[in-house]
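**Student:** Coordinates in run-v6.txt, compact mmCIF, C-alpha atoms, are listed below.
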```txt
# COMPACT_ATOMS: atom_id res chain seq x y z
CA MET A 1 85.51 -1.70 -27.05
CA ALA A 2 84.90 1.95 -26.26
CA VAL A 3 87.29 3.72 -23.96
CA VAL A 4 86.11 5.88 -21.06
CA THR A 5 88.32 8.55 -19.54
CA LEU A 6 87.82 9.48 -15.92
CA ARG A 7 89.12 12.30 -13.76
CA ALA A 8 89.20 12.72 -10.01
CA PRO A 9 87.29 11.80 -7.94
CA LEU A 10 85.93 9.13 -10.30
CA LYS A 11 89.44 8.08 -11.31
CA ASP A 12 90.30 7.44 -7.66
CA LEU A 13 87.16 5.33 -7.21
CA ALA A 14 88.25 3.27 -10.21
CA GLY A 15 91.52 2.43 -8.50
CA GLY A 16 93.51 5.14 -10.23
CA SER A 17 92.70 4.05 -13.75
CA SER A 18 91.98 6.95 -16.06
CA ASP A 19 91.40 5.14 -19.39
CA ILE A 20 89.22 2.07 -19.12
CA GLU A 21 87.85 -0.13 -21.88
CA VAL A 22 84.11 -0.72 -21.52
CA ASP A 23 81.55 -2.83 -23.32
CA GLY A 24 77.99 -1.74 -23.96
CA ALA A 25 75.55 -0.90 -26.71
CA THR A 26 74.56 2.38 -25.09
CA VAL A 27 76.17 4.96 -22.88
CA GLY A 28 74.09 3.74 -19.95
CA ALA A 29 75.06 0.11 -20.54
CA ALA A 30 78.73 1.06 -20.75
CA ILE A 31 78.53 2.94 -17.46
CA ARG A 32 76.78 0.00 -15.83
CA ALA A 33 79.64 -2.21 -17.08
CA LEU A 34 82.09 0.29 -15.62
CA GLU A 35 80.27 0.04 -12.28
CA SER A 36 80.46 -3.74 -12.38
CA GLU A 37 84.20 -3.56 -12.91
CA HIS A 38 84.66 -0.82 -10.31
CA PRO A 39 81.80 -1.09 -7.77
CA LYS A 40 82.89 2.01 -5.87
CA LEU A 41 81.60 4.04 -8.83
CA THR A 42 78.07 2.76 -8.28
CA GLY A 43 75.64 5.63 -7.88
CA TRP A 44 78.13 8.35 -8.72
CA ILE A 45 77.40 8.75 -12.44
CA LEU A 46 73.97 7.13 -12.85
CA ASP A 47 71.16 7.40 -10.33
CA GLU A 48 69.26 4.29 -9.27
CA GLN A 49 66.99 4.60 -12.30
CA GLY A 50 69.94 4.53 -14.68
CA ARG A 51 69.80 8.22 -15.55
CA ILE A 52 72.96 10.27 -15.80
CA ARG A 53 72.98 12.59 -12.80
CA ARG A 54 71.94 16.16 -13.48
CA HIS A 55 75.32 17.64 -12.73
CA VAL A 56 77.41 15.01 -14.51
CA ASN A 57 78.32 15.31 -18.19
CA VAL A 58 79.12 12.36 -20.43
CA PHE A 59 80.77 13.26 -23.71
CA VAL A 60 81.08 10.78 -26.56
CA ASN A 61 83.71 11.80 -29.10
CA GLY A 62 83.36 15.36 -27.84
CA GLU A 63 79.58 15.55 -27.92
CA ARG A 64 77.41 15.52 -24.80
CA MET A 65 75.16 12.46 -24.75
CA ARG A 66 72.45 10.98 -22.58
CA GLU A 67 72.32 7.45 -21.22
CA ASP A 68 70.32 6.03 -24.14
CA ALA A 69 72.77 7.14 -26.84
CA GLN A 70 74.17 4.35 -29.01
CA LEU A 71 77.81 3.46 -28.52
CA HIS A 72 80.34 2.00 -30.93
CA ALA A 73 83.56 0.13 -30.34
CA THR A 74 85.74 3.03 -31.48
CA ASP A 75 84.01 5.66 -29.34
CA ARG A 76 85.77 7.59 -26.62
CA LEU A 77 83.85 8.73 -23.55
CA HIS A 78 84.76 11.46 -21.11
CA ILE A 79 82.85 11.63 -17.84
CA LEU A 80 83.09 14.99 -16.09
CA PRO A 81 81.33 16.84 -13.31
CA SER A 82 79.51 19.84 -14.70
CA ILE A 83 80.93 23.27 -14.06
CA SER A 84 78.35 24.21 -11.46
CA GLY A 85 78.46 25.68 -8.04
CA GLY A 86 78.39 28.93 -6.19
CA SER A 87 75.18 28.38 -4.29
CA ARG A 88 76.87 26.52 -1.45
CA MET B 89 86.63 12.42 26.50
CA THR B 90 83.54 13.39 24.55
CA GLU B 91 83.23 13.15 20.79
CA LEU B 92 80.80 15.19 18.74
CA LEU B 93 80.03 14.20 15.17
CA VAL B 94 79.31 17.45 13.39
CA GLY B 95 77.97 17.32 9.85
CA THR B 96 78.59 20.46 7.84
CA ARG B 97 78.21 21.78 4.34
CA LYS B 98 81.92 21.11 3.88
CA GLY B 99 82.48 17.74 5.42
CA LEU B 100 82.27 15.81 8.66
CA PHE B 101 84.12 17.02 11.73
CA ALA B 102 84.78 14.94 14.82
CA LEU B 103 85.25 17.33 17.74
CA ARG B 104 86.84 15.85 20.83
CA GLY B 105 87.55 17.08 24.34
CA THR B 106 85.72 17.97 27.50
CA VAL B 107 82.23 19.37 27.19
CA GLY B 108 82.18 22.79 28.74
CA GLU B 109 85.58 23.64 27.30
CA PRO B 110 86.67 24.37 23.72
CA LEU B 111 86.83 21.15 21.69
CA GLU B 112 89.44 20.25 19.11
CA ILE B 113 89.03 18.95 15.59
CA ALA B 114 90.23 15.35 15.72
CA VAL B 115 89.11 14.33 12.23
CA ARG B 116 87.75 15.94 9.11
CA ALA B 117 86.23 13.62 6.51
CA PHE B 118 84.53 14.20 3.16
CA PRO B 119 85.97 17.68 2.49
CA GLY B 120 84.01 19.60 -0.09
CA GLU B 121 80.91 17.48 0.31
CA VAL B 122 77.78 18.07 2.35
CA VAL B 123 77.51 15.76 5.33
CA GLU B 124 73.80 15.92 6.00
CA TYR B 125 73.89 13.73 9.09
CA ALA B 126 76.34 11.60 11.01
CA VAL B 127 75.65 9.24 13.86
CA ARG B 128 77.31 6.33 15.65
CA ASP B 129 75.24 3.23 16.35
CA PRO B 130 75.97 2.56 20.02
CA ARG B 131 75.24 -1.16 19.57
CA THR B 132 78.00 -1.78 17.05
CA GLY B 133 80.23 1.27 17.18
CA ARG B 134 79.61 1.73 13.46
CA THR B 135 79.55 5.36 12.36
CA PHE B 136 77.28 6.46 9.53
CA ALA B 137 77.62 9.58 7.42
CA SER B 138 75.05 10.75 4.91
CA VAL B 139 77.09 12.49 2.23
CA THR B 140 75.75 14.53 -0.66
CA ASN B 141 78.11 15.50 -3.44
CA GLY B 142 77.02 18.52 -5.46
CA GLN B 143 77.67 16.75 -8.74
CA PHE B 144 77.71 13.04 -7.99
CA GLY B 145 74.68 12.82 -5.71
CA PRO B 146 74.02 11.20 -2.34
CA ARG B 147 75.57 8.19 -0.68
CA LEU B 148 75.51 6.64 2.75
CA MET B 149 78.92 5.76 4.14
CA PHE B 150 79.88 3.77 7.22
CA THR B 151 83.01 2.86 9.14
CA GLU B 152 84.08 0.90 12.18
CA ASP B 153 87.28 2.91 12.39
CA PRO B 154 87.17 5.10 15.52
CA GLU B 155 89.48 7.51 13.71
CA LEU B 156 86.96 7.73 10.84
CA GLY B 157 89.59 6.90 8.24
CA GLU B 158 88.32 4.00 6.13
CA TRP B 159 84.74 4.28 4.90
CA THR B 160 82.55 1.85 2.99
CA GLN B 161 79.64 2.87 0.79
CA ALA B 162 76.37 1.21 1.78
CA LYS B 163 74.21 -0.45 -0.87
CA GLY B 164 71.45 2.13 -0.70
CA PRO B 165 69.26 3.74 0.27
CA ALA B 166 68.17 3.61 -3.37
CA PHE B 167 64.77 3.21 -4.95
CA PRO B 168 64.05 -0.05 -6.76
CA GLU B 169 63.79 0.04 -10.54
CA ASP B 170 60.00 -0.21 -10.57
CA ILE B 171 59.65 3.11 -8.77
CA ASP B 172 60.45 6.22 -10.78
CA ALA B 173 62.27 8.12 -8.07
CA SER B 174 65.82 8.65 -6.94
CA VAL B 175 67.20 9.60 -3.56
CA VAL B 176 68.13 13.26 -3.28
CA ARG B 177 69.63 13.03 0.21
CA THR B 178 69.47 10.93 3.34
CA TRP B 179 68.23 13.03 6.25
CA VAL B 180 68.58 10.64 9.15
CA VAL B 181 69.84 7.21 10.17
CA MET B 182 68.28 5.71 13.28
CA PRO B 183 69.09 2.46 15.11
CA GLY B 184 66.05 0.22 15.49
CA GLU B 185 64.81 -2.09 18.20
CA ALA B 186 66.19 -5.40 16.91
CA ASP B 187 69.66 -6.72 16.21
CA GLY B 188 70.99 -5.27 12.97
CA LEU B 189 67.89 -3.12 12.42
CA LEU B 190 68.33 0.46 11.25
CA TYR B 191 66.09 2.99 9.56
CA ALA B 192 66.95 5.76 7.12
CA GLY B 193 64.76 8.68 6.13
CA VAL B 194 65.32 10.29 2.75
CA ASP B 195 64.14 12.94 0.33
CA PRO B 196 61.76 12.27 -1.46
CA ALA B 197 59.92 11.24 1.70
CA ALA B 198 60.60 7.55 2.09
CA LEU B 199 61.66 5.15 4.79
CA PHE B 200 64.39 2.61 4.12
CA ILE B 201 65.09 -0.34 6.39
CA SER B 202 68.30 -2.29 6.93
CA THR B 203 68.48 -5.58 8.79
CA ASP B 204 72.25 -6.03 8.39
CA ASN B 205 73.59 -3.10 10.40
CA GLY B 206 73.26 -0.65 7.53
CA GLU B 207 75.13 -2.44 4.77
CA THR B 208 72.07 -2.90 2.51
CA TRP B 209 68.78 -1.02 2.48
CA GLU B 210 65.27 -1.77 1.28
CA LEU B 211 62.41 0.63 0.64
CA ASN B 212 59.42 0.41 2.98
CA ARG B 213 56.70 0.10 0.37
CA GLY B 214 53.86 0.48 2.86
CA LEU B 215 54.66 4.14 3.44
CA TRP B 216 55.66 4.74 -0.16
CA ASN B 217 52.28 3.49 -1.36
CA VAL B 218 49.97 5.42 0.98
CA PRO B 219 47.16 6.78 -1.22
CA THR B 220 47.62 10.43 -0.26
CA ARG B 221 51.25 10.60 -1.38
CA PRO B 222 50.42 12.45 -4.65
CA GLU B 223 49.01 15.27 -2.48
CA TRP B 224 52.23 15.71 -0.49
CA ASN B 225 54.31 18.81 -1.09
CA PRO B 226 57.89 19.57 -0.07
CA GLY B 227 59.01 22.17 2.41
CA LEU B 228 61.88 24.49 1.59
CA GLY B 229 64.34 21.72 2.42
CA GLY B 230 62.62 19.21 0.17
CA LEU B 231 60.10 16.44 0.79
CA ALA B 232 62.00 15.09 3.73
CA LEU B 233 61.48 12.17 6.06
CA HIS B 234 63.75 13.42 8.80
CA SER B 235 62.42 12.10 12.12
CA ILE B 236 62.17 8.42 13.05
CA CYS B 237 60.93 7.41 16.48
CA PRO B 238 61.15 3.69 17.31
CA TRP B 239 59.16 2.22 20.19
CA PRO B 240 61.44 0.74 22.86
CA ALA B 241 61.80 -3.02 22.51
CA ASP B 242 59.05 -3.24 19.87
CA PRO B 243 60.22 -3.03 16.26
CA SER B 244 56.66 -3.24 14.97
CA ARG B 245 55.80 0.26 16.21
CA LEU B 246 57.23 3.35 14.63
CA ALA B 247 56.43 7.03 14.15
CA VAL B 248 58.00 9.12 11.40
CA GLY B 249 57.89 12.84 10.71
CA ILE B 250 57.83 14.32 7.22
CA SER B 251 58.23 17.86 6.02
CA ALA B 252 55.66 18.78 4.89
CA ALA B 253 53.37 15.75 5.17
CA GLY B 254 52.84 15.30 8.89
CA VAL B 255 53.36 12.35 11.18
CA TRP B 256 52.79 8.76 10.13
CA LEU B 257 52.37 5.83 12.49
CA THR B 258 52.65 2.08 12.07
CA GLU B 259 52.06 -0.78 14.48
CA ASP B 260 52.77 -3.63 12.10
CA GLY B 261 56.37 -3.03 11.22
CA GLY B 262 55.58 -0.69 8.36
CA ALA B 263 53.06 -2.78 6.44
CA THR B 264 50.33 -0.20 7.02
CA TRP B 265 50.46 3.42 8.09
CA ARG B 266 47.99 5.97 9.43
CA THR B 267 48.28 9.68 10.11
CA GLY B 268 48.85 11.47 13.40
CA TYR B 269 47.36 14.85 12.46
CA THR B 270 44.70 15.58 15.10
CA GLY B 271 45.25 18.81 17.01
CA LEU B 272 47.82 20.34 14.70
CA VAL B 273 47.11 23.86 13.50
CA PRO B 274 48.99 24.84 10.33
CA GLU B 275 48.80 28.58 10.92
CA TYR B 276 50.77 29.17 7.73
CA LEU B 277 47.67 28.13 5.74
CA PRO B 278 44.44 30.14 5.35
CA GLU B 279 41.85 28.91 7.84
CA ASP B 280 39.57 27.51 5.18
CA MET B 281 42.41 25.36 3.82
CA ARG B 282 43.48 23.75 7.08
CA GLU B 283 40.82 21.07 7.42
CA GLY B 284 42.04 17.80 6.01
CA THR B 285 45.30 19.20 4.66
CA HIS B 286 48.41 17.08 4.41
CA ALA B 287 50.61 20.20 4.34
CA LEU B 288 51.79 19.68 7.90
CA CYS B 289 55.34 20.87 8.27
CA VAL B 290 56.99 18.77 10.96
CA HIS B 291 60.44 20.13 11.76
CA ASN B 292 61.60 17.52 14.26
CA MET B 293 60.11 14.88 16.57
CA ARG B 294 61.35 12.78 19.50
CA ARG B 295 59.81 9.98 21.59
CA SER B 296 60.35 9.49 25.32
CA PRO B 297 61.92 6.05 25.83
CA VAL B 298 60.57 5.79 29.38
CA ARG B 299 57.01 6.78 28.40
CA PRO B 300 56.89 5.84 24.74
CA GLU B 301 53.32 6.96 24.18
CA ARG B 302 54.67 10.51 24.64
CA LEU B 303 56.24 12.40 21.77
CA PHE B 304 57.43 15.98 21.47
CA ARG B 305 57.36 17.79 18.18
CA GLN B 306 58.80 21.03 16.88
CA PHE B 307 56.33 22.12 14.24
CA HIS B 308 56.42 24.96 11.73
CA GLY B 309 55.27 27.70 14.10
CA SER B 310 54.61 25.86 17.32
CA VAL B 311 55.67 23.06 19.66
CA TYR B 312 53.40 20.09 20.36
CA ARG B 313 53.19 17.13 22.70
CA SER B 314 51.32 13.88 22.19
CA ASP B 315 50.44 11.54 25.06
CA ASP B 316 48.73 8.90 22.95
CA THR B 317 51.48 7.56 20.66
CA GLY B 318 51.11 10.43 18.19
CA GLU B 319 47.41 10.18 17.47
CA THR B 320 46.55 13.62 18.88
CA TRP B 321 48.67 16.66 19.65
CA ASN B 322 48.54 19.50 22.19
CA ASP B 323 50.09 22.91 21.58
CA ILE B 324 52.67 23.60 24.31
CA ALA B 325 54.38 26.69 22.89
CA ALA B 326 52.92 29.15 25.42
CA GLY B 327 55.82 30.66 27.35
CA LEU B 328 58.30 30.50 24.49
CA PRO B 329 59.44 33.73 22.82
CA ASP B 330 58.37 32.18 19.52
CA GLY B 331 56.91 28.83 18.59
CA PHE B 332 59.13 28.55 15.55
CA GLY B 333 62.30 26.50 15.54
CA PHE B 334 63.80 23.44 13.91
CA PRO B 335 65.28 20.88 16.37
CA ILE B 336 63.86 19.42 19.54
CA VAL B 337 65.70 17.32 22.13
CA ILE B 338 64.37 15.29 25.04
CA ASP B 339 65.83 13.95 28.26
CA PRO B 340 65.56 10.16 27.96
CA ALA B 341 65.32 9.81 31.74
CA ASP B 342 62.54 12.38 32.19
CA PRO B 343 59.39 12.03 30.08
CA ASP B 344 58.33 15.57 31.01
CA ALA B 345 61.51 17.19 29.69
CA ALA B 346 62.19 18.75 26.31
CA PHE B 347 64.53 21.37 24.91
CA VAL B 348 63.96 23.73 21.97
CA ILE B 349 65.82 26.65 20.44
CA PRO B 350 63.21 29.22 19.41
CA LEU B 351 63.82 31.28 16.30
CA ASP B 352 62.18 34.52 15.33
CA GLY B 353 59.13 33.71 13.23
CA ALA B 354 58.86 31.86 10.01
CA PHE B 355 60.66 34.56 8.02
CA ASP B 356 63.69 35.76 9.99
CA ARG B 357 64.53 32.30 11.33
CA ALA B 358 67.25 33.63 13.63
CA THR B 359 67.62 33.76 17.40
CA PRO B 360 65.13 36.40 18.67
CA GLY B 361 66.53 39.81 19.54
CA GLY B 362 70.07 38.70 18.81
CA ARG B 363 70.06 36.57 22.00
CA VAL B 364 70.73 32.85 22.01
CA ALA B 365 68.79 30.69 24.44
CA VAL B 366 67.82 27.07 24.79
CA TYR B 367 64.39 26.69 26.39
CA GLU B 368 63.73 23.78 28.69
CA THR B 369 60.51 22.33 30.04
CA ARG B 370 60.41 19.89 32.95
CA ASP B 371 56.62 19.77 33.16
CA ALA B 372 55.72 18.49 29.70
CA GLY B 373 55.39 21.95 28.24
CA ALA B 374 53.28 23.67 30.88
CA THR B 375 56.15 26.08 31.50
CA TRP B 376 59.45 26.86 29.77
CA ASN B 377 62.67 28.26 31.22
CA ALA B 378 65.39 30.01 29.25
CA ARG B 379 68.76 28.34 29.62
CA GLY B 380 71.15 30.92 28.28
CA GLU B 381 74.04 31.12 30.74
CA GLY B 382 77.18 31.19 28.69
CA LEU B 383 75.36 31.73 25.38
CA PRO B 384 75.65 35.06 23.51
CA GLN B 385 73.07 37.53 24.77
CA ARG B 386 73.49 40.32 22.24
CA ASP B 387 74.14 40.89 18.54
CA THR B 388 74.00 37.19 17.65
CA TRP B 389 71.59 35.94 15.03
CA LEU B 390 71.99 32.20 14.73
CA THR B 391 69.94 29.64 12.85
CA ILE B 392 70.01 26.07 14.13
CA LEU B 393 68.84 23.42 11.67
CA ARG B 394 66.66 20.43 12.51
CA GLN B 395 69.42 17.86 13.07
CA ALA B 396 71.91 20.29 14.60
CA PHE B 397 70.98 19.78 18.27
CA GLY B 398 71.99 16.58 20.05
CA SER B 399 72.35 15.06 23.49
CA ASP B 400 74.23 12.16 25.01
CA GLY B 401 71.34 10.84 27.09
CA ASP B 402 73.47 10.57 30.21
CA GLU B 403 72.50 11.90 33.61
CA PRO B 404 73.20 14.77 33.85
CA GLN B 405 72.71 15.12 30.16
CA SER B 406 75.23 16.80 27.91
CA LEU B 407 73.76 18.87 25.09
CA ALA B 408 75.29 20.47 22.01
CA PHE B 409 74.06 22.46 19.04
CA GLY B 410 75.61 24.02 15.96
CA SER B 411 74.53 26.95 13.83
CA THR B 412 74.48 27.77 10.15
CA SER B 413 77.27 30.24 10.86
CA GLY B 414 79.54 27.49 12.14
CA THR B 415 79.47 27.98 15.89
CA VAL B 416 78.99 24.97 18.17
CA PHE B 417 77.93 25.34 21.80
CA ALA B 418 77.82 22.57 24.39
CA SER B 419 76.55 22.05 27.91
CA ALA B 420 77.74 19.44 30.40
CA ASP B 421 75.01 20.07 32.97
CA GLY B 422 71.73 19.47 31.20
CA GLY B 423 71.59 22.92 29.66
CA ALA B 424 72.12 24.95 32.84
CA SER B 425 75.33 26.44 31.47
CA TRP B 426 76.89 26.55 28.05
CA ALA B 427 80.31 27.06 26.54
CA LEU B 428 81.61 27.62 23.05
CA ALA B 429 82.89 24.30 21.73
CA PHE B 430 84.09 25.53 18.33
CA ASP B 431 83.39 28.66 16.35
CA ARG B 432 84.87 28.38 12.89
CA LEU B 433 83.17 25.45 11.17
CA PRO B 434 81.26 25.58 7.90
CA LEU B 435 77.46 25.66 8.04
CA VAL B 436 76.43 23.01 10.57
CA THR B 437 73.80 20.54 9.38
CA SER B 438 73.87 18.02 12.24
CA VAL B 439 75.29 17.47 15.71
CA ARG B 440 75.29 14.11 17.47
CA PHE B 441 77.22 12.76 20.45
CA ALA B 442 79.24 9.70 19.42
```
I'd like the structure from this file rewritten - as structure tokens, please.
**Tutor:**
Amino acid sequence: MAVVTLRAPLKDLAGGSSDIEVDGATVGAAIRALESEHPKLTGWILDEQGRIRRHVNVFVNGERMREDAQLHATDRLHILPSISGGSR
Amino acid sequence: MTELLVGTRKGLFALRGTVGEPLEIAVRAFPGEVVEYAVRDPRTGRTFASVTNGQFGPRLMFTEDPELGEWTQAKGPAFPEDIDASVVRTWVVMPGEADGLLYAGVDPAALFISTDNGETWELNRGLWNVPTRPEWNPGLGGLALHSICPWPADPSRLAVGISAAGVWLTEDGGATWRTGYTGLVPEYLPEDMREGTHALCVHNMRRSPVRPERLFRQFHGSVYRSDDTGETWNDIAAGLPDGFGFPIVIDPADPDAAFVIPLDGAFDRATPGGRVAVYETRDAGATWNARGEGLPQRDTWLTILRQAFGSDGDEPQSLAFGSTSGTVFASADGGASWALAFDRLPLVTSVRFA
């Protein structure tokens, strides 16, 4: 299974787990599986249409990917808020 | 002991104390996140907070904890999979007229309904599917359904206000909707574009609970009153220093009473002349009186957003408003006199009495 690495505040919502094994053929499916395991994450990474939120970055083996990207068992995901801000 | 729930750009603040004196911060929740709106349902004691995270999006949270410590994320509001839309923010949560019934208004303009005290939410498809929706355009704050006016003791009747798509009315619990446009003059449009336009920028709207066919509305550039459930509207801004403003508050015991905070025109959007005043009518808008005792009368340019003016509904009524520069003022005597409640908050988005 692929492994997803989370940082705060997502790590806190996942009960403090930072490295979590997830199943899924695509990035979106893996995040949905992550939400099923940790319901408090629901809506934080994907919007209700299953799209990665505009200001959230998902990297697979170091490369930024969208929700429909294929995923393999050896892949490593990092989910990070984008470096954005300043307007508020 | 009074409690004000103050939503800000940097979290929720619960201010407690005696209205008319400086209040103290009892709780701060959701630091670093925008709390668009916070309200306590008086029927259940459940407090709701609409929270928008700059990166991770919007969520609606609720708690029964009077100290606002343990929050639960509601299931929604969220669009169903067959509709290609996602919630940008929740503008308002409003208790309805049946056990467990609540409404939420969101951007993009949609009404969500909960029948389980706000734990789960379902899209009202009647309003979502009105044929003119493709012609709706957002105001500066987005395409926002921000005002929800239930009819006392009748959950089938509802009026909602949308920026910038006017007022919509239902009498069948939201199955069908019709407009309440008649009498409105969108002076921000060229005259030859006003007829039949949907670009009607409602800023805030309230219904009198003792005369529910009467509604007051702060519009983009004027103030209106309807005496026929929102079908037609009469301009009542004469006597105000400016018709522009964002919030409007009523006195639930007096159907002729309303309170507005005029701002200087559609461009400056600050208190006129550097003076802060709440204007009150007790004759349904025929005349207005400035209620500024205790409010700054020089060198003060405040902007008060549409949800940032609240009242407790008691008699005499306590009132409170907050500004984008973080000052909160409150009145314990129906607006006759005012005192600074707190002056160092982040930008205030909403003020409600708990």
**Student:** Would you pick out the contacts of Val3 in chain A at 7 Å or less, using all atoms listed in the file, so that residues sharing its chain but fewer than 2 positions from it are not included, and give the list as an MDAnalysis selection string?
**Tutor:** chainID A and resid 1 5 19:22 75:77
**Student:** Out of A:Leu71, A:Ala29, A:Ala2, A:Leu10, which residue has the shortest atom-to-atom distance to chain B when counting only C-alpha atoms?
**Tutor:**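 Once distances to chain B are computed over only C-alpha atoms, the minimum belongs to A:Leu10.
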**Student:** Mind pulling up the distance from CA of Arg440 in chain B to CA of Ser310 in chain B?
**Tutor:**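 Taking CA of Ser310 in chain B and CA of Arg440 in chain B, their separation equals 23.8 Å.
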**Student:** With the cut-off set at 8 Å and counting only C-alpha atoms, tabulate each residue of chain B with an atom at most that distance from an atom of chain A, showing the nearest atom pair and its distance in Å to one decimal, ordered by chain and increasing number, as a Markdown table.
**Tutor:**
```
| residue | atom | partner | partner_atom | distance |
| --- | --- | --- | --- | --- |
| B:Arg97 | CA | A:Arg88 | CA | 7.6 |
| B:Gly142 | CA | A:His55 | CA | 7.5 |
| B:Gln143 | CA | A:His55 | CA | 4.7 |
| B:Phe144 | CA | A:Trp44 | CA | 4.8 |
| B:Gly145 | CA | A:Trp44 | CA | 6.4 |
| B:Arg147 | CA | A:Gly43 | CA | 7.6 |
| B:Gln161 | CA | A:Lys40 | CA | 7.5 |
| B:Ala166 | CA | A:Glu48 | CA | 6.0 |
| B:Phe167 | CA | A:Glu48 | CA | 6.3 |
| B:Pro168 | CA | A:Glu48 | CA | 7.2 |
| B:Glu169 | CA | A:Gln49 | CA | 5.8 |
| B:Asp172 | CA | A:Gln49 | CA | 6.9 |
| B:Ala173 | CA | A:Gln49 | CA | 7.2 |
| B:Ser174 | CA | A:Glu48 | CA | 6.0 |
```
**Student:** Excluding Thr26 in chain A and residues on its chain fewer than 4 positions from it, collect all residues at most 8 Å away from it, counting only C-alpha atoms, and give them as JSON, numbers by chain.
**Tutor:** {"A": [30, 67, 68, 69, 70, 71]}
**Student:** What does the structure give for the distance between CA of Thr96 in chain B and CA of Leu6 in chain A, in Å to one decimal?
**Tutor:**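 For CA of Thr96 in chain B relative to CA of Leu6 in chain A, the distance reads 27.8 Å.
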**Student:** Can you pull out every residue within 8 Å of Phe118 in chain B, counting all atoms listed in the file, but drop anything in the same chain fewer than 3 positions away, and send it as a compact mmCIF listing (two decimals) with C-alpha atoms, in the frame of the given file?
**Tutor:**
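Output saved as part22.txt:
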```txt
# COMPACT_ATOMS: atom_id res chain seq x y z
CA LYS B 98 81.92 21.11 3.88
CA GLY B 99 82.48 17.74 5.42
CA LEU B 100 82.27 15.81 8.66
CA GLU B 121 80.91 17.48 0.31
CA VAL B 122 77.78 18.07 2.35
CA VAL B 123 77.51 15.76 5.33
CA VAL B 139 77.09 12.49 2.23
```
**Student:** Just how far from CA of Ile236 in chain B is CA of Arg394 in chain B, in Å to one decimal?
**Tutor:** 12.8 Å
**Student:** Which residue, B:Arg131, B:Arg266, B:Arg357, B:His291, has the smallest gap to Ile250 in chain B when you use all atoms listed in the file?
**Tutor:**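 For Ile250 in chain B, the nearest of the candidates is B:His291.
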**Student:** Considering all atoms listed in the file, return as a VMD selection string whatever protein or nucleic-acid residues lie within 12 Å of Glu283 in chain B, sequence-local ones (same chain, fewer than 5 positions apart) excluded.
**Tutor:** chain B and resid 269 to 275 277 to 278 288
**Student:** Just the residues within 10 Å of Gly164 in chain B, please, counting all atoms listed in the file, with nothing from its chain fewer than 6 positions along; format it as a PyMOL selection string.
**Tutor:** (chain A and resi 43+48) or (chain B and resi 146-149+175+178+192+200-202+206-211)
**Student:** Give as a PDB file with C-alpha atoms, in the coordinates of the input each residue that has an atom at most 10 Å from (46.5, 1.5, 5.9) in the file, counting only C-alpha atoms.
**Tutor:**
```
ATOM      1  CA  GLY B 214      53.860   0.480   2.860  1.00  0.00           C
ATOM      2  CA  LEU B 215      54.660   4.140   3.440  1.00  0.00           C
ATOM      3  CA  ASN B 217      52.280   3.490  -1.360  1.00  0.00           C
ATOM      4  CA  VAL B 218      49.970   5.420   0.980  1.00  0.00           C
ATOM      5  CA  PRO B 219      47.160   6.780  -1.220  1.00  0.00           C
ATOM      6  CA  LEU B 257      52.370   5.830  12.490  1.00  0.00           C
ATOM      7  CA  THR B 258      52.650   2.080  12.070  1.00  0.00           C
ATOM      8  CA  GLY B 262      55.580  -0.690   8.360  1.00  0.00           C
ATOM      9  CA  ALA B 263      53.060  -2.780   6.440  1.00  0.00           C
ATOM     10  CA  THR B 264      50.330  -0.200   7.020  1.00  0.00           C
ATOM     11  CA  TRP B 265      50.460   3.420   8.090  1.00  0.00           C
ATOM     12  CA  ARG B 266      47.990   5.970   9.430  1.00  0.00           C
ATOM     13  CA  THR B 267      48.280   9.680  10.110  1.00  0.00           C
TER      14      THR B 267
END
```
**Student:** Is it possible to produce a file of range 91-115 of chain B from this structure, with C-alpha atoms, as a PDB file, in the first residue's frame?
**Tutor:**
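Below is the file out.pdb, written as the result:
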```pdb
ATOM      1  CA  GLU B  91     -22.192  36.738  25.918  1.00  0.00           C
ATOM      2  CA  LEU B  92     -21.382  37.991  22.449  1.00  0.00           C
ATOM      3  CA  LEU B  93     -20.231  35.557  19.781  1.00  0.00           C
ATOM      4  CA  VAL B  94     -17.902  37.558  17.581  1.00  0.00           C
ATOM      5  CA  GLY B  95     -16.671  36.001  14.355  1.00  0.00           C
ATOM      6  CA  THR B  96     -13.451  37.481  13.050  1.00  0.00           C
ATOM      7  CA  ARG B  97     -10.903  36.932  10.333  1.00  0.00           C
ATOM      8  CA  LYS B  98      -8.721  35.288  12.977  1.00  0.00           C
ATOM      9  CA  GLY B  99     -11.066  33.104  14.922  1.00  0.00           C
ATOM     10  CA  LEU B 100     -14.136  33.152  17.126  1.00  0.00           C
ATOM     11  CA  PHE B 101     -14.214  35.268  20.262  1.00  0.00           C
ATOM     12  CA  ALA B 102     -16.748  34.910  23.048  1.00  0.00           C
ATOM     13  CA  LEU B 103     -16.957  38.251  24.849  1.00  0.00           C
ATOM     14  CA  ARG B 104     -18.604  38.188  28.247  1.00  0.00           C
ATOM     15  CA  GLY B 105     -19.630  40.799  30.784  1.00  0.00           C
ATOM     16  CA  THR B 106     -22.167  43.538  31.241  1.00  0.00           C
ATOM     17  CA  VAL B 107     -23.366  45.353  28.160  1.00  0.00           C
ATOM     18  CA  GLY B 108     -22.533  48.998  28.541  1.00  0.00           C
ATOM     19  CA  GLU B 109     -19.164  48.207  30.076  1.00  0.00           C
ATOM     20  CA  PRO B 110     -15.982  46.784  28.537  1.00  0.00           C
ATOM     21  CA  LEU B 111     -16.355  43.048  27.900  1.00  0.00           C
ATOM     22  CA  GLU B 112     -13.694  40.408  28.413  1.00  0.00           C
ATOM     23  CA  ILE B 113     -12.525  37.665  26.106  1.00  0.00           C
ATOM     24  CA  ALA B 114     -13.750  34.444  27.686  1.00  0.00           C
ATOM     25  CA  VAL B 115     -12.887  32.112  24.808  1.00  0.00           C
TER      26      VAL B 115
END
```
